[in-house]
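One structure below.
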Amino acid sequence: MASTYERAGADDVICFAGAEEALYLAMQVLLGPGDHAVVITPGYQAAETVPLSLCEVTGVPLAPGSGWALDLDAVEAAIRPETRVVSVNFPNNPTGALIPAARPRPPGRDVRERGIHLFSDEVYRGLELDPARTLPQAADLSPTALSLNVTSKSLGLPGLRIGWIACRDRELRSRLERAKHYTTICNSAPSEVLARVAIKARDRILERNRGIIAANLPRFEAFFAEFGDLFEWRVPDGGCVAFPRYLGRDGVEAFCHRGWVERAGVLLLPASIYRSQLTDTPADRFRIGVGRADPEPALNAFAAYLKGL
């Protein structure tokens with residue numbers, strides 16, 4: 001795992017039972033009453049709700065009208081004297097958005113000097129549409145930053161349940177390790193062995209997975225173009241998920257539940273799954289995966305349903 005970073009060594013990496021345990025324990029260690037965190041929205045549930053269970057949180061939304069761009073000035077404005085964590089997620093889940101590599105951190109003074117830890121969810125890293133846009137890993141940028149990764153996303157191996165945090169802050173790593181003693185203590189040894197095999201073959205696996213996405217995207221482009229009166233499609237910058245807009249009058253929630261699941265047998269995640277308590281988030285979107293080999297049966301079932309409306 002350490003070999004995937006430029007500046008982290010083996011002692012700088014702690015393994016967890018998936019990314020969820022890693023995020024949960026990191027927030028427990030970093031945040032408490034009287035603290036404050038800044039979180040990017042939209043995002044997956046735990047990225048927002050775990051910090052919210054511990055302290056005050058300010059959300060900074062990605063802008064759908066600007067290709068899900070992150071307003072770095074808004075991040076800066078959200079930071080308070082008691083801010084202890086700025087949490088980001090790029091390539092973003094669910095939008096597939098990236099930010100410019102030249103400014104992967106919040107603007108202004110170095111967050112390290114302000115007692116702020118950058119927590120960077122990098123689980124879809126390696127699946128960028130344009131490899132030149134791959135962001136530096138947070139653990140390489142600052143000794144107090146935390147980089148979260150896992151075998152389940154870019155590598156496509158969720159059954160292993162192996163995640164990790166890379167951080168060059170020895171005292172913080174010690175606190176994370178002690179916290180893990182109260183949850184899983186240690187990981188499954190067979191999973192760790194298989195994860196080691198996978199990470200040694202990481203370049204080959206990522207090349208394969210990027211190839212699947214590259215082959216799939218034209219199919220999804222053609223599909224959404226065929227039904228352009230119902231959808232607004234944007235190719236994701238990275239990762240294997242996208243967040244199209246549904247234009248139908250019945251609304252995306254009804255469409256996903258009554259239409260795709262019950263009649264077409266196609267499972268999508270409607271906007272309510274990514275609803276935020278912190279900011280307004282689009283209510284007319286749904287997440288769709290573009291990383292599964294052979295998406296044709298699902299797209300054909302979906303098209304047949306739409307044509308029968």
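For the structure tokens, the naming scheme is as follows: chains receive sequential letters (A, B, ...) according to their order of presentation, residues are indexed from 1 within each chain, and ligands are indexed from 1 in presentation order.
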
So which bits of region 126-202 of chain A end up alpha helix (DSSP H) when you DSSP the backbone, as an MDAnalysis selection string?
chainID A and resid 138:141 170:180 189:200 202

Per-residue nearest contacts of region 18-107 of chain A to region 125-145 of chain A (8 Å; only C-alpha atoms) as a Markdown table:
| residue | atom | partner | partner_atom | distance |
| --- | --- | --- | --- | --- |
| A:Phe90 | CA | A:Arg125 | CA | 7.4 |
| A:Pro91 | CA | A:Arg125 | CA | 6.4 |
| A:Leu98 | CA | A:Arg133 | CA | 7.8 |
| A:Ile99 | CA | A:Leu135 | CA | 7.9 |
| A:Pro100 | CA | A:Arg133 | CA | 7.2 |
| A:Ala101 | CA | A:Leu135 | CA | 5.1 |
| A:Pro104 | CA | A:Leu135 | CA | 6.9 |

Keeping only C-alpha atoms, write those residues as a tab-separated table (two decimals), in the first residue's frame.
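Generated output (result.tsv):
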chain	number	residue	atom	x	y	z
A	90	PHE	CA	-12.49	13.25	-5.43
A	91	PRO	CA	-13.22	11.70	-7.86
A	98	LEU	CA	-12.66	16.34	-10.15
A	99	ILE	CA	-10.99	19.59	-9.18
A	100	PRO	CA	-7.95	21.19	-10.82
A	101	ALA	CA	-4.78	19.39	-9.78
A	104	PRO	CA	-6.29	20.20	-4.48

Neighbour list for Phe224 (chain A) as a VMD selection string, cut-off 12 Å, only C-alpha atoms, skip fewer than 2 positions in-chain
chain A and resid 217 to 222 226 to 235 244 to 247 288 299 302 to 303 306

Generate a file of the selected residues that holds N, CA and C atoms, formatted as an mmCIF file, in the first residue's frame.
data_model
loop_
_atom_site.group_PDB
_atom_site.id
_atom_site.type_symbol
_atom_site.label_atom_id
_atom_site.label_comp_id
_atom_site.auth_asym_id
_atom_site.auth_seq_id
_atom_site.Cartn_x
_atom_site.Cartn_y
_atom_site.Cartn_z
ATOM 1 N N LEU A 217 -18.633 4.104 -21.761
ATOM 2 C CA LEU A 217 -19.118 5.482 -21.837
ATOM 3 C C LEU A 217 -19.801 5.816 -23.164
ATOM 4 N N PRO A 218 -19.269 5.386 -24.334
ATOM 5 C CA PRO A 218 -20.009 5.665 -25.574
ATOM 6 C C PRO A 218 -21.393 5.024 -25.598
ATOM 7 N N ARG A 219 -21.540 3.867 -24.970
ATOM 8 C CA ARG A 219 -22.850 3.207 -24.903
ATOM 9 C C ARG A 219 -23.833 4.039 -24.076
ATOM 10 N N PHE A 220 -23.352 4.559 -22.962
ATOM 11 C CA PHE A 220 -24.215 5.394 -22.131
ATOM 12 C C PHE A 220 -24.503 6.723 -22.820
ATOM 13 N N GLU A 221 -23.510 7.272 -23.499
ATOM 14 C CA GLU A 221 -23.719 8.506 -24.268
ATOM 15 C C GLU A 221 -24.834 8.301 -25.292
ATOM 16 N N ALA A 222 -24.760 7.202 -26.042
ATOM 17 C CA ALA A 222 -25.761 6.929 -27.071
ATOM 18 C C ALA A 222 -27.135 6.702 -26.453
ATOM 19 N N GLU A 226 -30.426 9.128 -27.067
ATOM 20 C CA GLU A 226 -31.672 8.620 -27.644
ATOM 21 C C GLU A 226 -32.886 9.121 -26.879
ATOM 22 N N PHE A 227 -32.707 9.298 -25.574
ATOM 23 C CA PHE A 227 -33.821 9.754 -24.733
ATOM 24 C C PHE A 227 -33.506 11.143 -24.152
ATOM 25 N N GLY A 228 -33.021 12.022 -25.022
ATOM 26 C CA GLY A 228 -32.608 13.352 -24.605
ATOM 27 C C GLY A 228 -33.725 14.210 -24.046
ATOM 28 N N ASP A 229 -34.979 13.859 -24.370
ATOM 29 C CA ASP A 229 -36.084 14.627 -23.813
ATOM 30 C C ASP A 229 -36.343 14.284 -22.351
ATOM 31 N N LEU A 230 -35.768 13.177 -21.884
ATOM 32 C CA LEU A 230 -35.984 12.738 -20.509
ATOM 33 C C LEU A 230 -34.774 12.938 -19.602
ATOM 34 N N PHE A 231 -33.583 13.055 -20.192
ATOM 35 C CA PHE A 231 -32.372 13.075 -19.370
ATOM 36 C C PHE A 231 -31.393 14.149 -19.819
ATOM 37 N N GLU A 232 -30.631 14.617 -18.853
ATOM 38 C CA GLU A 232 -29.497 15.500 -19.116
ATOM 39 C C GLU A 232 -28.254 14.760 -18.613
ATOM 40 N N TRP A 233 -27.375 14.403 -19.534
ATOM 41 C CA TRP A 233 -26.249 13.521 -19.241
ATOM 42 C C TRP A 233 -24.934 14.296 -19.250
ATOM 43 N N ARG A 234 -24.061 13.988 -18.329
ATOM 44 C CA ARG A 234 -22.709 14.539 -18.312
ATOM 45 C C ARG A 234 -21.733 13.419 -18.016
ATOM 46 N N VAL A 235 -20.719 13.291 -18.855
ATOM 47 C CA VAL A 235 -19.701 12.262 -18.660
ATOM 48 C C VAL A 235 -18.916 12.563 -17.383
ATOM 49 N N PRO A 244 -26.728 11.720 -13.632
ATOM 50 C CA PRO A 244 -27.550 12.392 -14.642
ATOM 51 C C PRO A 244 -28.772 13.066 -14.029
ATOM 52 N N ARG A 245 -29.348 13.984 -14.800
ATOM 53 C CA ARG A 245 -30.560 14.690 -14.397
ATOM 54 C C ARG A 245 -31.764 14.078 -15.102
ATOM 55 N N TYR A 246 -32.833 13.873 -14.355
ATOM 56 C CA TYR A 246 -34.082 13.361 -14.918
ATOM 57 C C TYR A 246 -35.033 14.522 -15.135
ATOM 58 N N LEU A 247 -35.596 14.630 -16.341
ATOM 59 C CA LEU A 247 -36.429 15.768 -16.716
ATOM 60 C C LEU A 247 -37.922 15.454 -16.711
ATOM 61 N N ILE A 288 -25.875 6.454 -11.454
ATOM 62 C CA ILE A 288 -25.830 5.263 -12.294
ATOM 63 C C ILE A 288 -24.388 4.818 -12.413
ATOM 64 N N LEU A 299 -29.132 -1.737 -20.089
ATOM 65 C CA LEU A 299 -29.526 -0.625 -20.952
ATOM 66 C C LEU A 299 -30.677 -1.026 -21.871
ATOM 67 N N PHE A 302 -33.835 -1.122 -19.835
ATOM 68 C CA PHE A 302 -34.221 0.251 -19.548
ATOM 69 C C PHE A 302 -34.859 0.907 -20.776
ATOM 70 N N ALA A 303 -34.233 0.717 -21.930
ATOM 71 C CA ALA A 303 -34.767 1.302 -23.179
ATOM 72 C C ALA A 303 -36.142 0.732 -23.510
ATOM 73 N N LEU A 306 -38.650 2.443 -21.341
ATOM 74 C CA LEU A 306 -38.906 3.830 -21.745
ATOM 75 C C LEU A 306 -39.746 3.901 -23.015
#

Students should find that CA of Val266 (chain A) and CA of Ala301 (chain A) are spaced 7.5 Å

Here is a test: counting only C-alpha atoms, which residue of A:Ala179, A:Ala8, A:Leu157, A:Ala74 is nearest to Ile205 (chain A)?
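Checking each candidate against Ile205 (chain A), we get A:Leu157 as the closest.
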
Might you pull out every residue within 12 Å of Arg208 (chain A), with only C-alpha atoms counted and same-chain residues fewer than 5 positions away left off, and present them as a list in words?
Gly126, Leu127, Ser154, Leu155, Gly156, Ala201, Arg202, Asp203, Ile213, Ala214, Ala215, Gly291, Arg292 and Ala293 of chain A

Select from region 68-267 of chain A everything DSSP, run on the backbone, classes as strand (DSSP E or B), then give the selection as a count of residues only.
30

Using only C-alpha atoms, pick whichever of A:Arg263, A:Leu23, A:Asp284, A:Asn149 has the shortest atom-to-atom distance to Ile199 (chain A).
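Using only C-alpha atoms, Ile199 (chain A) sits closest to A:Asn149.
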
Please identify all polymer residues within 7 Å of region 274-283 of chain A, counting only C-alpha atoms, omitting same-chain residues fewer than 6 positions from it, and present them as JSON, numbers by chain.
{"A": [42, 43, 44, 45, 58, 59, 61]}

For Ile185 (chain A), the nearest of the candidates A:Phe119, A:Phe16, A:Trp260, A:Tyr305, counting only C-alpha atoms:
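Of the candidates, the smallest distance to Ile185 (chain A) is held by A:Phe16.
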
Give me, please, the distance in Å between CA of Gly9 (chain A) and CA of Ile165 (chain A), quoted to one decimal.
11.9 Å

Write out as a CSV table (one decimal) with N, CA and C atoms, in the first residue's frame which residues come within 8 Å of Pro236 (chain A) when counting only C-alpha atoms, dropping same-chain ones fewer than 6 positions away.
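Final file, result-v4.csv:
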chain,number,residue,atom,x,y,z
A,95,THR,N,-21.0,12.4,-8.2
A,95,THR,CA,-21.0,13.1,-9.5
A,95,THR,C,-19.9,12.7,-10.4
A,96,GLY,N,-18.9,12.1,-10.0
A,96,GLY,CA,-17.7,11.8,-10.8
A,96,GLY,C,-16.9,13.0,-11.1
A,97,ALA,N,-17.0,14.1,-10.3
A,97,ALA,CA,-16.3,15.3,-10.6
A,97,ALA,C,-14.9,15.3,-10.0
A,129,LEU,N,-10.9,9.8,-16.3
A,129,LEU,CA,-11.1,9.7,-17.7
A,129,LEU,C,-9.9,10.2,-18.4
A,242,ALA,N,-21.9,8.1,-12.3
A,242,ALA,CA,-22.4,9.4,-12.9
A,242,ALA,C,-23.7,9.8,-12.2

Between CA of Glu56 (chain A) and CA of Ile79 (chain A) - distance in Å to one decimal
11.6 Å
